[in-house]
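With PDB, C-alpha atoms inside, this is target.pdb:
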```
ATOM      1  CA  MET N1233     272.174 -44.380 174.425
ATOM      2  CA  GLU N1234     274.514 -43.309 171.673
ATOM      3  CA  LEU N1235     273.533 -40.124 169.805
ATOM      4  CA  GLN N1236     275.532 -38.734 166.934
ATOM      5  CA  LEU N1237     274.965 -35.542 164.961
ATOM      6  CA  VAL N1238     275.566 -36.008 161.245
ATOM      7  CA  ASN N1239     278.306 -33.524 160.382
ATOM      8  CA  GLU N1240     279.510 -32.112 157.054
ATOM      9  CA  ARG N1241     282.396 -34.576 156.870
ATOM     10  CA  ARG N1242     279.955 -37.497 156.882
ATOM     11  CA  ARG N1243     277.214 -35.770 154.874
ATOM     12  CA  GLY N1244     279.461 -34.699 151.959
ATOM     13  CA  PRO N1245     280.418 -38.159 150.657
ATOM     14  CA  TYR N1246     276.814 -39.355 151.090
ATOM     15  CA  ALA N1247     275.515 -36.419 149.022
ATOM     16  CA  ALA N1248     278.108 -36.987 146.285
ATOM     17  CA  LYS N1249     277.213 -40.686 146.031
ATOM     18  CA  ARG N1250     273.466 -39.965 145.916
ATOM     19  CA  LEU N1251     273.951 -37.308 143.242
ATOM     20  CA  SER N1252     276.094 -39.602 141.084
ATOM     21  CA  GLU N1253     273.375 -42.289 141.186
ATOM     22  CA  PHE N1254     270.381 -39.959 140.846
ATOM     23  CA  ALA N1255     269.998 -40.071 137.056
ATOM     24  CA  ALA N1256     270.131 -43.867 136.929
ATOM     25  CA  ARG N1257     267.529 -44.192 139.705
ATOM     26  CA  CYS N1258     265.212 -41.738 137.939
ATOM     27  CA  ARG N1259     265.492 -43.604 134.651
ATOM     28  CA  ARG N1260     264.769 -46.924 136.387
ATOM     29  CA  GLY N1261     261.695 -45.320 137.932
ATOM     30  CA  GLY N1262     260.498 -43.913 134.595
ATOM     31  CA  LEU N1263     261.172 -40.297 135.531
ATOM     32  CA  ALA N1264     262.823 -38.007 132.992
ATOM     33  CA  VAL N1265     266.129 -36.520 134.070
ATOM     34  CA  THR N1266     265.948 -32.801 133.343
ATOM     35  CA  PRO N1267     268.535 -30.124 134.073
ATOM     36  CA  GLN N1268     266.057 -28.530 136.495
ATOM     37  CA  ARG N1269     265.550 -31.795 138.436
ATOM     38  CA  LEU N1270     269.293 -32.292 138.619
ATOM     39  CA  ALA N1271     269.780 -28.737 139.886
ATOM     40  CA  ILE N1272     267.042 -29.170 142.516
ATOM     41  CA  ILE N1273     268.381 -32.462 143.886
ATOM     42  CA  LYS N1274     271.913 -31.007 143.860
ATOM     43  CA  ALA N1275     270.756 -27.970 145.868
ATOM     44  CA  LEU N1276     268.872 -30.214 148.290
ATOM     45  CA  LEU N1277     271.770 -32.617 148.799
ATOM     46  CA  GLY N1278     274.224 -29.735 149.100
ATOM     47  CA  SER N1279     272.306 -28.141 151.943
ATOM     48  CA  GLY N1280     272.581 -29.325 155.497
ATOM     49  CA  GLU N1281     269.828 -26.902 156.458
ATOM     50  CA  HIS N1282     266.711 -28.930 155.543
ATOM     51  CA  PRO N1283     265.653 -26.049 153.292
ATOM     52  CA  ARG N1284     262.196 -24.822 152.407
ATOM     53  CA  ALA N1285     261.181 -24.798 148.755
ATOM     54  CA  ASP N1286     261.848 -21.061 148.471
ATOM     55  CA  ALA N1287     265.488 -21.508 149.537
ATOM     56  CA  ILE N1288     265.994 -24.237 146.949
ATOM     57  CA  PHE N1289     264.270 -22.019 144.389
ATOM     58  CA  ALA N1290     266.692 -19.166 145.140
ATOM     59  CA  ALA N1291     269.707 -21.475 144.782
ATOM     60  CA  VAL N1292     268.503 -23.103 141.552
ATOM     61  CA  ARG N1293     267.379 -19.850 139.974
ATOM     62  CA  MET N1294     271.019 -18.721 139.706
ATOM     63  CA  GLN N1295     271.633 -21.477 137.132
ATOM     64  CA  HIS N1296     268.100 -21.655 135.713
ATOM     65  CA  PRO N1297     266.680 -18.112 135.748
ATOM     66  CA  TYR N1298     263.390 -19.138 134.114
ATOM     67  CA  ILE N1299     262.463 -21.835 136.614
ATOM     68  CA  SER N1300     259.350 -21.122 138.663
ATOM     69  CA  LEU N1301     258.704 -21.646 142.344
ATOM     70  CA  ALA N1302     255.786 -23.884 141.351
ATOM     71  CA  THR N1303     258.177 -26.131 139.400
ATOM     72  CA  VAL N1304     260.449 -26.383 142.436
ATOM     73  CA  HIS N1305     257.476 -27.294 144.657
ATOM     74  CA  ARG N1306     256.229 -29.935 142.190
ATOM     75  CA  THR N1307     259.704 -31.393 141.759
ATOM     76  CA  LEU N1308     260.281 -31.615 145.506
ATOM     77  CA  GLU N1309     256.932 -33.379 145.932
ATOM     78  CA  THR N1310     257.835 -35.770 143.094
ATOM     79  CA  LEU N1311     261.213 -36.472 144.707
ATOM     80  CA  CYS N1312     259.405 -37.259 147.977
ATOM     81  CA  ASP N1313     256.902 -39.503 146.154
ATOM     82  CA  ILE N1314     259.666 -41.570 144.551
ATOM     83  CA  GLY N1315     261.758 -41.782 147.728
ATOM     84  CA  GLU N1316     264.571 -39.430 146.685
ATOM     85  CA  ALA N1317     263.756 -36.876 149.399
ATOM     86  CA  ARG N1318     261.484 -36.551 152.386
ATOM     87  CA  LYS N1319     259.547 -33.857 154.166
ATOM     88  CA  VAL N1320     260.592 -32.836 157.633
ATOM     89  CA  THR N1321     258.452 -31.036 160.217
ATOM     90  CA  MET N1322     255.262 -31.204 158.193
ATOM     91  CA  LEU N1323     253.273 -30.236 161.304
ATOM     92  CA  HIS N1324     255.183 -26.980 161.769
ATOM     93  CA  ASP N1325     255.218 -23.687 159.925
ATOM     94  CA  SER N1326     256.047 -24.910 156.394
ATOM     95  CA  ALA N1327     257.421 -27.982 154.686
ATOM     96  CA  ARG N1328     261.159 -28.491 154.893
ATOM     97  CA  TYR N1329     262.955 -31.019 152.719
ATOM     98  CA  ASP N1330     265.690 -33.519 153.449
ATOM     99  CA  GLY N1331     267.862 -35.202 150.838
ATOM    100  CA  ASN N1332     269.144 -37.750 153.356
ATOM    101  CA  ILE N1333     266.885 -40.777 152.910
ATOM    102  CA  THR N1334     268.820 -43.122 155.193
ATOM    103  CA  PRO N1335     267.163 -43.836 158.554
ATOM    104  CA  HIS N1336     267.868 -40.925 160.865
ATOM    105  CA  HIS N1337     266.159 -38.497 163.192
ATOM    106  CA  HIS N1338     266.181 -34.739 163.734
ATOM    107  CA  VAL N1339     266.999 -32.248 166.444
ATOM    108  CA  VAL N1340     265.162 -28.942 165.972
ATOM    109  CA  CYS N1341     266.045 -25.647 167.622
ATOM    110  CA  VAL N1342     262.858 -24.290 169.196
ATOM    111  CA  LYS N1343     264.068 -20.710 168.715
ATOM    112  CA  CYS N1344     265.563 -20.417 165.192
ATOM    113  CA  ARG N1345     263.954 -23.623 163.790
ATOM    114  CA  ARG N1346     267.306 -24.938 162.489
ATOM    115  CA  ILE N1347     267.163 -28.693 161.907
ATOM    116  CA  HIS N1348     270.088 -31.081 162.220
ATOM    117  CA  ASP N1349     270.246 -34.784 161.372
ATOM    118  CA  ILE N1350     270.950 -37.117 164.266
ATOM    119  CA  GLU N1351     271.529 -40.853 164.323
ATOM    120  CA  ILE N1352     270.300 -42.983 167.233
ATOM    121  CA  PRO N1353     271.336 -46.570 166.413
ATOM    122  CA  ARG N1354     269.793 -48.143 169.549
ATOM    123  CA  LEU N1355     266.426 -46.578 168.769
ATOM    124  CA  ASP N1356     266.647 -47.760 165.156
ATOM    125  CA  ARG N1357     267.390 -51.311 166.356
ATOM    126  CA  LEU N1358     264.453 -51.137 168.754
ATOM    127  CA  LEU N1359     262.089 -50.109 165.945
ATOM    128  CA  ALA N1360     263.518 -52.496 163.323
ATOM    129  CA  GLY N1361     260.962 -55.021 162.181
ATOM    130  CA  GLN N1362     258.132 -53.263 164.042
ATOM    131  CA  SER N1363     255.208 -53.486 161.637
ATOM    132  CA  GLU N1364     252.313 -52.724 163.965
ATOM    133  CA  LEU N1365     251.747 -50.399 166.856
ATOM    134  CA  GLY N1366     248.334 -51.140 168.312
ATOM    135  CA  GLU N1367     245.781 -50.346 165.616
ATOM    136  CA  PHE N1368     248.427 -48.592 163.470
ATOM    137  CA  THR N1369     250.537 -50.111 160.691
ATOM    138  CA  VAL N1370     254.049 -48.666 160.945
ATOM    139  CA  LEU N1371     255.248 -47.175 157.640
ATOM    140  CA  SER N1372     258.351 -45.366 158.873
ATOM    141  CA  SER N1373     259.588 -43.498 161.896
ATOM    142  CA  SER N1374     261.518 -40.382 162.707
ATOM    143  CA  LEU N1375     262.056 -38.895 166.127
ATOM    144  CA  GLU N1376     262.098 -35.119 166.425
ATOM    145  CA  ILE N1377     263.979 -33.742 169.407
ATOM    146  CA  HIS N1378     263.183 -30.159 170.392
ATOM    147  CA  ALA N1379     266.214 -28.348 171.757
ATOM    148  CA  LEU N1380     268.006 -25.019 171.859
ATOM    149  CA  CYS N1381     270.979 -24.731 169.494
ATOM    150  CA  GLU N1382     274.313 -23.402 170.712
ATOM    151  CA  ASP N1383     273.854 -20.001 169.027
ATOM    152  CA  CYS N1384     270.357 -19.439 170.428
ATOM    153  CA  GLY N1385     271.455 -20.703 173.842
ATOM    154  CA  ALA N1386     274.316 -18.193 173.894
ATOM    155  CA  LYS N1387     271.963 -15.355 172.907
ATOM    156  CA  ARG N1388     269.564 -16.392 175.644
ATOM    157  CA  ALA N1389     272.369 -16.476 178.225
ATOM    158  CA  ARG N1390     273.546 -12.989 177.176
ATOM    159  CA  ALA N1391     269.996 -11.659 177.419
ATOM    160  CA  ASP N1392     269.575 -13.236 180.859
ATOM    161  CA  ARG N1393     272.823 -11.627 182.069
ATOM    162  CA  LYS N1394     271.751  -8.196 180.769
ATOM    163  CA  GLY N1395     268.325  -8.464 182.349
ATOM    164  CA  LYS N1396     269.572  -9.328 185.835
ATOM    165  CA  PRO N1397     270.522  -6.490 188.199
ATOM    166  CA  ARG N1398     274.265  -6.210 188.799
ATOM    167  CA  ARG N1399     275.670  -6.378 192.316
TER
END
```

Could you show the structure in this file as structure tokens?
Amino acid sequence: MELQLVNERRRGPYAAKRLSEFAARCRRGGLAVTPQRLAIIKALLGSGEHPRADAIFAAVRMQHPYISLATVHRTLETLCDIGEARKVTMLHDSARYDGNITPHHHVVCVKCRRIHDIEIPRLDRLLAGQSELGEFTVLSSSLEIHALCEDCGAKRARADRKGKPRR
């Protein structure tokens, strides 16, 4: 099965295209385009980290010092409601947001909780057109793979080496 992490080289042009079309999509949907909304979507699309609302708030506050965390939360929820963003790992510690709305999945480090986009075309083809799953009506799908990132794996290996008696 082919798996491919979405890297910065691929994510950058996608983010630029989405940002350039954002205002027109909002207007078509009847949503006012405010400087704060533009700053929030720009911060979300510019981050490959799947940030929490507080991280977006910190980034946006540099340009808009009077914006509130509540406004950021409401805007992120509105963006999710209109399909401009989506929540990731809702069942974990706190909501994280993703500006990539194309079909993709996530790999999550079980140690540091870093999230990375991953594409699995064969899985997407398998699920395409699937409208029912037993008694459930399928609305969307996203696979979450739990793993250990390279940095956390290296720290773990160093800790293991230090903890073992030397011969």

Take the PyMOL selection byres ((chain N and resi 1268) around 10), apply it to the structure above, and return the hits as a PDB file with C-alpha atoms, in the frame of the given file.
```pdb
ATOM      1  CA  VAL N1265     266.129 -36.520 134.070  1.00  0.00           C
ATOM      2  CA  THR N1266     265.948 -32.801 133.343  1.00  0.00           C
ATOM      3  CA  PRO N1267     268.535 -30.124 134.073  1.00  0.00           C
ATOM      4  CA  ARG N1269     265.550 -31.795 138.436  1.00  0.00           C
ATOM      5  CA  LEU N1270     269.293 -32.292 138.619  1.00  0.00           C
ATOM      6  CA  ALA N1271     269.780 -28.737 139.886  1.00  0.00           C
ATOM      7  CA  ILE N1272     267.042 -29.170 142.516  1.00  0.00           C
ATOM      8  CA  ILE N1273     268.381 -32.462 143.886  1.00  0.00           C
ATOM      9  CA  LYS N1274     271.913 -31.007 143.860  1.00  0.00           C
ATOM     10  CA  VAL N1292     268.503 -23.103 141.552  1.00  0.00           C
ATOM     11  CA  ARG N1293     267.379 -19.850 139.974  1.00  0.00           C
ATOM     12  CA  GLN N1295     271.633 -21.477 137.132  1.00  0.00           C
ATOM     13  CA  HIS N1296     268.100 -21.655 135.713  1.00  0.00           C
ATOM     14  CA  ILE N1299     262.463 -21.835 136.614  1.00  0.00           C
ATOM     15  CA  THR N1303     258.177 -26.131 139.400  1.00  0.00           C
ATOM     16  CA  VAL N1304     260.449 -26.383 142.436  1.00  0.00           C
ATOM     17  CA  THR N1307     259.704 -31.393 141.759  1.00  0.00           C
TER      18      THR N1307
END
```

* **Expected residue set, 12 Å radius at (258.5, -18.7, 154.9), only C-alpha atoms, as a list in words** => Pro1283, Arg1284, Ala1285, Asp1286, Ala1287, His1324, Asp1325, Ser1326, Ala1327, Arg1328 and Arg1345 of chain N

Would you mind exporting C-alpha atoms of the selected residues as a PDB file, in the coordinates of the input?
```pdb
ATOM      1  CA  PRO N1283     265.653 -26.049 153.292  1.00  0.00           C
ATOM      2  CA  ARG N1284     262.196 -24.822 152.407  1.00  0.00           C
ATOM      3  CA  ALA N1285     261.181 -24.798 148.755  1.00  0.00           C
ATOM      4  CA  ASP N1286     261.848 -21.061 148.471  1.00  0.00           C
ATOM      5  CA  ALA N1287     265.488 -21.508 149.537  1.00  0.00           C
ATOM      6  CA  HIS N1324     255.183 -26.980 161.769  1.00  0.00           C
ATOM      7  CA  ASP N1325     255.218 -23.687 159.925  1.00  0.00           C
ATOM      8  CA  SER N1326     256.047 -24.910 156.394  1.00  0.00           C
ATOM      9  CA  ALA N1327     257.421 -27.982 154.686  1.00  0.00           C
ATOM     10  CA  ARG N1328     261.159 -28.491 154.893  1.00  0.00           C
ATOM     11  CA  ARG N1345     263.954 -23.623 163.790  1.00  0.00           C
TER      12      ARG N1345
END
```

* Looking at only C-alpha atoms, which of N:Ala1317, N:Gly1261, N:His1338, N:Ala1290 is the one that sits closest to N:Val1238? ->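 Checking each of N:Ala1317, N:Gly1261, N:His1338, N:Ala1290 against N:Val1238, counting only C-alpha atoms, the winner is N:His1338.
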
* Name the closest residue to N:Pro1335 among the candidates N:Val1320, N:Glu1382, N:Gly1315, N:Glu1351; distances are taken between atoms, counting all atoms listed in the file. =>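 Of the candidates, the smallest distance to N:Pro1335 is held by N:Glu1351.
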
* Which one is closest to N:Thr1334: N:Pro1297, N:Arg1306, N:Ser1373, N:Gly1262? Count only C-alpha atoms. ->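 Smallest distance to N:Thr1334 is found for N:Ser1373.
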
* Length of the atom CA of N:His1337 to atom CA of N:Ile1352 vector [Å] ->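 These two atoms are separated by 7.3 Å.
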
Could you give me the axis-aligned bounding box of stretch 1279-1292 of chain N, with 5 Å of padding per side, as centre plus edge lengths in Å to one decimal, as JSON?
```
{"center_x": 266.9, "center_y": -24.2, "center_z": 149.0, "size_x": 21.4, "size_y": 20.2, "size_z": 24.9}
```

* **Point-to-point distance in Å for atom CA of N:Lys1249 and atom CA of N:Val1340** => 26.1 Å

* To do: Could you list the residues chosen by the PyMOL selection byres ((chain N and resi 1353-1357) around 10) in this structure as an MDAnalysis selection string?
  => chainID N and resid 1233:1236 1335:1337 1350:1352 1358:1362 1373:1375

* Tell me which protein, DNA and RNA residues are within 9 Å of N:Lys1319, counting all atoms listed in the file, leaving out same-chain ones fewer than 4 positions away, and put them as a PyMOL selection string. => chain N and resi 1282+1308-1309+1312+1327-1330

* Asked: What separation in Å, quoted to one decimal, exists between atom CA of N:Lys1394 and atom CA of N:Val1342?
  ->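 Separating atom CA of N:Lys1394 from atom CA of N:Val1342 is a distance of 21.7 Å.
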
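Distances to N:Asp1313 were evaluated for N:His1378, N:Arg1242, N:Cys1258, N:Ala1248 using only C-alpha atoms, and the minimum falls at N:Cys1258.
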
* To do: With a distance cut-off of 8 Å and all atoms listed in the file, select the neighbouring residues of N:Asn1332, excluding the residue or stretch itself and same-chain residues fewer than 3 positions from it, and output the selection as a list in words.
  => Ala1247, Leu1277, Ala1317 and Arg1318 of chain N

* **Pick from N:Cys1344, N:Ile1333, N:Leu1371, N:Leu1365 nearest to N:Arg1388, counting only C-alpha atoms** => N:Cys1344

* **N:Gly1280 environment, 9 Å, all atoms listed in the file, sequence neighbours closer than 3 positions dropped, as a PyMOL selection string** => chain N and resi 1239-1240+1243+1276-1277+1283+1330-1331+1347-1349
